[in-house]
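Containing TSV, C-alpha atoms: final-v5.tsv.
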chain	number	residue	atom	x	y	z
A	1	MET	CA	-13.52	60.50	43.99
A	2	ARG	CA	-16.79	59.91	42.10
A	3	ILE	CA	-17.79	56.43	40.92
A	4	LEU	CA	-17.59	57.45	37.26
A	5	ASP	CA	-14.08	58.82	37.76
A	6	ARG	CA	-12.98	55.41	39.06
A	7	THR	CA	-14.62	53.49	36.22
A	8	ARG	CA	-13.35	55.60	33.31
A	9	PRO	CA	-10.05	53.66	32.97
A	10	ASP	CA	-11.99	50.38	33.09
A	11	LEU	CA	-14.39	51.67	30.42
A	12	ALA	CA	-11.46	52.61	28.20
A	13	GLU	CA	-9.86	49.16	28.53
A	14	PHE	CA	-13.19	47.38	28.00
A	15	LEU	CA	-14.03	49.29	24.80
A	16	ARG	CA	-10.56	48.79	23.40
A	17	ALA	CA	-10.61	45.05	24.12
A	18	ARG	CA	-14.03	44.58	22.56
A	19	ARG	CA	-13.05	46.62	19.49
A	20	GLU	CA	-9.87	44.63	18.99
A	21	ARG	CA	-11.62	41.25	19.08
A	22	LEU	CA	-13.73	42.11	16.00
A	23	ALA	CA	-12.61	41.77	12.39
A	24	PRO	CA	-13.93	44.02	9.61
A	25	GLY	CA	-15.88	41.10	8.16
A	26	ASP	CA	-17.71	40.66	11.47
A	27	VAL	CA	-19.46	44.01	10.99
A	28	GLY	CA	-19.99	43.91	7.23
A	29	LEU	CA	-16.87	45.82	6.20
A	30	PRO	CA	-14.52	44.64	3.45
A	31	ARG	CA	-11.89	42.25	4.73
A	32	ALA	CA	-8.51	43.97	4.96
A	33	LYS	CA	-5.49	42.09	3.69
A	34	ARG	CA	-3.27	43.03	6.60
A	35	ARG	CA	-3.40	45.36	9.60
A	36	ARG	CA	-0.68	46.44	11.97
A	37	THR	CA	-3.08	46.20	14.95
A	38	PRO	CA	-5.82	43.62	15.55
A	39	GLY	CA	-9.51	44.28	15.29
A	40	LEU	CA	-11.48	47.28	14.09
A	41	ARG	CA	-10.07	50.77	13.90
A	42	ARG	CA	-11.54	53.53	16.04
A	43	GLU	CA	-12.78	55.38	12.98
A	44	GLU	CA	-14.68	52.27	11.87
A	45	VAL	CA	-16.42	51.91	15.22
A	46	ALA	CA	-17.21	55.63	15.27
A	47	ALA	CA	-18.72	55.51	11.79
A	48	LEU	CA	-20.81	52.42	12.57
A	49	ALA	CA	-22.02	53.99	15.83
A	50	GLY	CA	-22.86	57.27	14.10
A	51	VAL	CA	-20.51	59.54	16.07
A	52	GLY	CA	-17.42	61.56	15.30
A	53	LEU	CA	-13.98	60.00	15.50
A	54	THR	CA	-12.70	62.58	18.00
A	55	TRP	CA	-15.68	62.05	20.31
A	56	TYR	CA	-15.35	58.26	20.22
A	57	THR	CA	-11.58	58.51	20.76
A	58	TRP	CA	-12.16	60.59	23.88
A	59	LEU	CA	-14.65	58.01	25.13
A	60	GLU	CA	-12.21	55.15	24.58
A	61	GLN	CA	-9.48	57.17	26.28
A	62	GLY	CA	-11.63	57.44	29.38
A	63	ARG	CA	-12.19	61.16	29.21
A	64	GLU	CA	-15.08	62.71	31.12
A	65	ILE	CA	-17.77	63.00	28.45
A	66	GLY	CA	-21.48	62.29	28.75
A	67	VAL	CA	-23.13	59.45	26.86
A	68	SER	CA	-26.80	58.65	26.36
A	69	SER	CA	-28.45	55.28	26.88
A	70	ASP	CA	-29.41	55.20	23.20
A	71	PHE	CA	-25.79	55.64	22.19
A	72	LEU	CA	-24.64	52.88	24.56
A	73	ASP	CA	-27.25	50.53	23.12
A	74	ASN	CA	-26.03	51.40	19.63
A	75	LEU	CA	-22.42	50.89	20.64
A	76	ALA	CA	-23.29	47.52	22.21
A	77	ARG	CA	-24.83	46.51	18.88
A	78	VAL	CA	-21.77	47.64	16.89
A	79	LEU	CA	-19.38	45.82	19.22
A	80	LYS	CA	-21.64	42.75	19.25
A	81	LEU	CA	-21.89	42.65	23.04
A	82	ASP	CA	-23.99	39.96	24.67
A	83	ALA	CA	-26.45	40.74	27.50
A	84	THR	CA	-23.80	40.47	30.22
A	85	GLU	CA	-21.32	42.64	28.35
A	86	ARG	CA	-24.02	45.22	27.60
A	87	ARG	CA	-24.84	45.45	31.29
A	88	HIS	CA	-21.14	45.84	32.10
A	89	LEU	CA	-20.84	48.65	29.54
A	90	PHE	CA	-23.72	50.56	31.15
A	91	LEU	CA	-22.29	50.09	34.63
A	92	LEU	CA	-18.93	51.46	33.54
A	93	ALA	CA	-20.36	54.40	31.58
A	94	HIS	CA	-23.36	55.34	33.75
A	95	ALA	CA	-22.65	53.62	37.09
A	96	ARG	CA	-26.07	51.99	36.77
A	97	PRO	CA	-27.47	48.99	34.87
A	98	PRO	CA	-29.48	49.43	31.66
A	99	ALA	CA	-33.17	48.84	31.21
A	100	GLU	CA	-33.56	45.19	30.30
A	101	PRO	CA	-34.79	44.38	26.80
A	102	GLY	CA	-37.63	42.27	28.15
A	103	ILE	CA	-37.07	38.72	27.00
A	104	THR	CA	-40.34	36.94	27.70
A	105	PHE	CA	-40.06	33.65	25.80
A	106	CYS	CA	-37.09	31.43	26.49
A	107	SER	CA	-36.06	27.91	27.33
A	108	VAL	CA	-35.02	26.54	30.71
A	109	PRO	CA	-31.43	25.30	31.08
A	110	PRO	CA	-31.37	21.53	31.76
A	111	LEU	CA	-29.70	21.95	35.16
A	112	ALA	CA	-32.38	24.43	36.28
A	113	ALA	CA	-35.12	22.05	35.14
A	114	ARG	CA	-33.46	19.23	37.09
A	115	LEU	CA	-33.30	21.45	40.16
A	116	VAL	CA	-37.06	22.02	39.94
A	117	SER	CA	-37.62	18.27	39.87
A	118	ASP	CA	-35.19	17.60	42.70
A	119	LEU	CA	-36.89	20.15	44.99
A	120	ALA	CA	-39.88	17.81	45.48
A	121	PRO	CA	-41.70	17.38	47.85
A	122	HIS	CA	-41.56	21.17	47.85
A	123	ALA	CA	-43.58	22.77	45.06
A	124	ALA	CA	-41.31	24.53	42.56
A	125	TYR	CA	-41.66	26.12	39.15
A	126	ILE	CA	-39.79	28.54	36.90
A	127	ILE	CA	-41.28	31.63	35.29
A	128	ASN	CA	-39.93	34.11	32.79
A	129	LEU	CA	-40.25	37.89	32.73
A	130	ARG	CA	-43.87	37.69	31.56
A	131	TRP	CA	-44.58	35.12	34.27
A	132	ASP	CA	-45.21	32.29	31.84
A	133	VAL	CA	-44.71	29.01	33.73
A	134	LEU	CA	-41.95	27.27	31.78
A	135	THR	CA	-41.41	24.17	33.91
A	136	TYR	CA	-42.77	22.80	37.18
A	137	ASN	CA	-42.64	19.70	39.37
A	138	GLY	CA	-45.41	17.38	40.53
A	139	PRO	CA	-46.12	19.11	43.86
A	140	ALA	CA	-46.47	22.47	42.06
A	141	ASP	CA	-48.89	20.93	39.58
A	142	HIS	CA	-50.89	19.48	42.46
A	143	LEU	CA	-51.13	22.90	44.13
A	144	PHE	CA	-51.74	25.13	41.12
A	145	GLY	CA	-53.01	22.88	38.33
A	146	PHE	CA	-50.48	24.00	35.73
A	147	GLY	CA	-50.88	20.85	33.65
A	148	LYS	CA	-54.54	21.44	32.82
A	149	HIS	CA	-53.70	24.64	30.94
A	150	GLU	CA	-52.33	24.82	27.42
A	151	PRO	CA	-48.70	26.04	27.36
A	152	THR	CA	-49.79	29.30	25.72
A	153	ARG	CA	-52.16	29.94	28.65
A	154	ARG	CA	-49.88	28.61	31.37
A	155	ASN	CA	-49.24	32.10	32.68
A	156	LEU	CA	-49.38	32.82	36.40
A	157	LEU	CA	-51.26	36.11	36.06
A	158	TRP	CA	-53.72	34.76	33.51
A	159	MET	CA	-54.51	31.76	35.70
A	160	LEU	CA	-54.78	33.84	38.88
A	161	PHE	CA	-57.45	36.10	37.40
A	162	THR	CA	-59.30	33.72	35.06
A	163	ASP	CA	-59.12	30.23	36.60
A	164	PRO	CA	-61.82	29.80	39.31
A	165	VAL	CA	-60.15	26.65	40.64
A	166	LEU	CA	-56.86	28.43	41.23
A	167	ARG	CA	-58.72	31.37	42.70
A	168	ASN	CA	-60.28	29.07	45.28
A	169	THR	CA	-56.85	27.59	46.02
A	170	PHE	CA	-55.71	30.98	47.29
A	171	ALA	CA	-57.63	31.08	50.56
A	172	GLN	CA	-56.96	34.82	50.87
A	173	TRP	CA	-57.27	35.69	47.21
A	174	GLU	CA	-58.44	39.27	47.86
A	175	LYS	CA	-55.17	39.91	49.70
A	176	ASP	CA	-52.85	37.70	47.66
A	177	ALA	CA	-53.91	38.74	44.15
A	178	PRO	CA	-52.98	42.43	44.58
A	179	ALA	CA	-49.66	41.42	46.18
A	180	VAL	CA	-48.83	39.11	43.26
A	181	LEU	CA	-49.74	41.82	40.78
A	182	GLU	CA	-47.62	44.39	42.58
A	183	SER	CA	-44.61	42.06	42.36
A	184	PHE	CA	-45.27	41.47	38.67
A	185	ARG	CA	-45.28	45.21	37.96
A	186	ARG	CA	-41.58	45.32	38.74
A	187	ASP	CA	-40.87	42.91	35.86
A	188	TYR	CA	-43.32	44.71	33.63
A	189	ALA	CA	-41.41	47.95	34.10
A	190	GLY	CA	-38.35	46.37	32.51
A	191	SER	CA	-40.18	45.02	29.46
A	192	ARG	CA	-43.28	47.14	28.96
A	193	ASP	CA	-42.52	47.66	25.27
A	194	GLU	CA	-42.31	43.92	24.55
A	195	VAL	CA	-45.28	42.90	22.41
A	196	GLY	CA	-46.13	39.74	24.35
A	197	MET	CA	-46.14	41.60	27.66
A	198	ARG	CA	-48.42	44.33	26.42
A	199	HIS	CA	-50.76	41.78	24.85
A	200	LEU	CA	-51.09	39.95	28.17
A	201	ILE	CA	-52.07	43.14	30.01
A	202	ASP	CA	-54.58	44.13	27.32
A	203	GLU	CA	-56.21	40.69	27.41
A	204	LEU	CA	-56.47	40.62	31.19
A	205	GLU	CA	-57.95	44.10	31.33
A	206	HIS	CA	-60.55	42.95	28.82
A	207	VAL	CA	-61.60	39.73	30.58
A	208	SER	CA	-61.14	40.63	34.25
A	209	PRO	CA	-62.57	43.83	35.78
A	210	GLU	CA	-60.76	42.95	39.01
A	211	PHE	CA	-57.42	42.82	37.24
A	212	LYS	CA	-58.17	46.10	35.47
A	213	ALA	CA	-58.99	47.87	38.74
A	214	MET	CA	-55.93	46.51	40.56
A	215	TRP	CA	-53.58	47.17	37.65
A	216	ARG	CA	-54.54	50.82	37.43
A	217	GLN	CA	-53.79	51.42	41.10
A	218	GLN	CA	-50.07	51.45	40.15
A	219	ASP	CA	-48.97	49.80	43.40
A	220	VAL	CA	-45.51	48.22	43.58
A	221	LEU	CA	-44.37	45.67	46.15
A	222	ALA	CA	-40.71	44.73	46.51
A	223	PRO	CA	-40.75	41.43	48.48
A	224	CYS	CA	-41.29	38.12	46.66
A	225	THR	CA	-41.20	36.06	49.82
A	226	GLY	CA	-43.51	35.37	52.73
A	227	VAL	CA	-46.24	33.01	53.90
A	228	ARG	CA	-49.32	32.16	51.86
A	229	THR	CA	-52.41	30.10	52.80
A	230	LEU	CA	-53.59	27.60	50.18
A	231	ALA	CA	-56.56	25.25	50.14
A	232	VAL	CA	-55.20	21.78	49.34
A	233	ASP	CA	-57.61	18.86	49.08
A	234	GLY	CA	-60.09	20.64	51.35
A	235	THR	CA	-57.49	21.59	53.99
A	236	LEU	CA	-56.05	25.05	54.57
A	237	LEU	CA	-52.25	24.89	54.72
A	238	ASN	CA	-49.59	27.55	55.20
A	239	PHE	CA	-46.69	27.64	52.78
A	240	GLU	CA	-43.53	29.67	52.96
A	241	TYR	CA	-42.65	30.89	49.49
A	242	THR	CA	-39.69	32.62	47.97
A	243	SER	CA	-38.40	33.74	44.56
A	244	LEU	CA	-34.84	33.10	43.40
A	245	LEU	CA	-33.15	34.34	40.24
A	246	VAL	CA	-31.71	31.34	38.39
A	247	ASP	CA	-30.70	32.95	35.09
A	248	GLY	CA	-30.40	36.75	34.98
A	249	GLY	CA	-29.62	36.86	31.26
A	250	GLN	CA	-32.85	35.08	30.36
A	251	HIS	CA	-34.86	36.60	33.25
A	252	LEU	CA	-35.74	33.21	34.73
A	253	ARG	CA	-37.00	33.03	38.30
A	254	LEU	CA	-37.47	29.96	40.48
A	255	ILE	CA	-40.48	30.00	42.81
A	256	VAL	CA	-40.54	27.56	45.74
A	257	TYR	CA	-43.42	26.78	48.14
A	258	ALA	CA	-42.53	24.88	51.32
A	259	LEU	CA	-45.24	23.56	53.65
A	260	THR	CA	-45.10	24.94	57.17
A	261	ALA	CA	-48.27	24.09	59.17
A	262	PRO	CA	-52.08	23.94	58.90
A	263	ALA	CA	-53.60	27.37	58.68
A	264	SER	CA	-55.64	28.86	61.52
A	265	PHE	CA	-57.86	31.92	61.30
Any chance you could put this one into structure tokens?
Amino acid sequence: MRILDRTRPDLAEFLRARRERLAPGDVGLPRAKRRRTPGLRREEVAALAGVGLTWYTWLEQGREIGVSSDFLDNLARVLKLDATERRHLFLLAHARPPAEPGITFCSVPPLAARLVSDLAPHAAYIINLRWDVLTYNGPADHLFGFGKHEPTRRNLLWMLFTDPVLRNTFAQWEKDAPAVLESFRRDYAGSRDEVGMRHLIDELEHVSPEFKAMWRQQDVLAPCTGVRTLAVDGTLLNFEYTSLLVDGGQHLRLIVYALTAPASF
């Protein structure tokens, strides 16, 4: 049995439940005095989503019909689905997650911020999808100098290619910079149409020929973990680093650097 065949009943139940939790007033329709069944009617959802009643009925009945990503996005809007529910809708209808909308500016949950602080003496910081550094602890500031940059310029890519001090911190910058950029490209692919993301790339291409050359190589690297050599107070030290997702809905990632041993070349 195919995956979509197994998920059709779940899709039917999910759509019906989400339709029934909405009232006409929630979607701008006149408030009905009394209804025999809760929520919106199928014909109302169909009209708001711009499809025929019969077609939508078949979809909600779990019949084998094809749906486009644009329609699912429109249906998610009509049914007022949040990010998690939207993802669930795509998984049920397409057996694959949707392209993320590319949220690049967001706040850090208090518990995540406390975790960053509690990870000291390991260096830790949190970035968003655009790789803006949203919060960091003292050891991370000591390693990377986040605090000397204005919040609007506290972006990992911007600093890596424009800050000479940070460049010197990466003892193997010529190897590390392309690897960092290749990891970033994965996030860029999910939010390339976001204005802030595109603006960052345009600015970096303008001010850094090295960034421009590396960016246009179109290389992609999956791992966000390994060992990196950093120059700290005149000493070369090896750090293990890893990337952990701390809030998928807001695209927040925790980066941790843990000291291993002095570097040797």
Would you work out the distance separating atom CA of Asp202 of chain A from atom CA of Ile255 of chain A, expressed in Å to one decimal?
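A separation of 25.3 Å between them.
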Taking (-10.4, 53.6, 17.2) as a centre in this file's frame and 12 Å as the limit, can you find every polymer residue with an atom that close, using only C-alpha atoms, and give them as a PyMOL selection string?
chain A and resi 12+15-20+37-49+51-61
Of the listed residues A:Trp158, A:Tyr136, A:Trp131, A:Phe239, that which approaches Tyr188 of chain A most closely, counting all atoms listed in the file
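Going through A:Trp158, A:Tyr136, A:Trp131, A:Phe239 one by one, the smallest distance to Tyr188 of chain A is for A:Trp131.
Nearest-residue note for Asp247 of chain A: choosing from A:Thr162, A:Thr84, A:Asp219, A:Gly147, the minimum distance belongs to A:Thr84, counting all atoms listed in the file.
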Between A:Ile65, A:Val227, A:Ala76, A:Gly138, single out the one closest to Leu119 of chain A, counting all atoms listed in the file.
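Smallest separation from Leu119 of chain A among the options: A:Gly138.
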Using all atoms listed in the file, which of A:Ala23, A:Gly145, A:Leu157, A:Ser183 sits nearest Arg35 of chain A?
A:Ala23
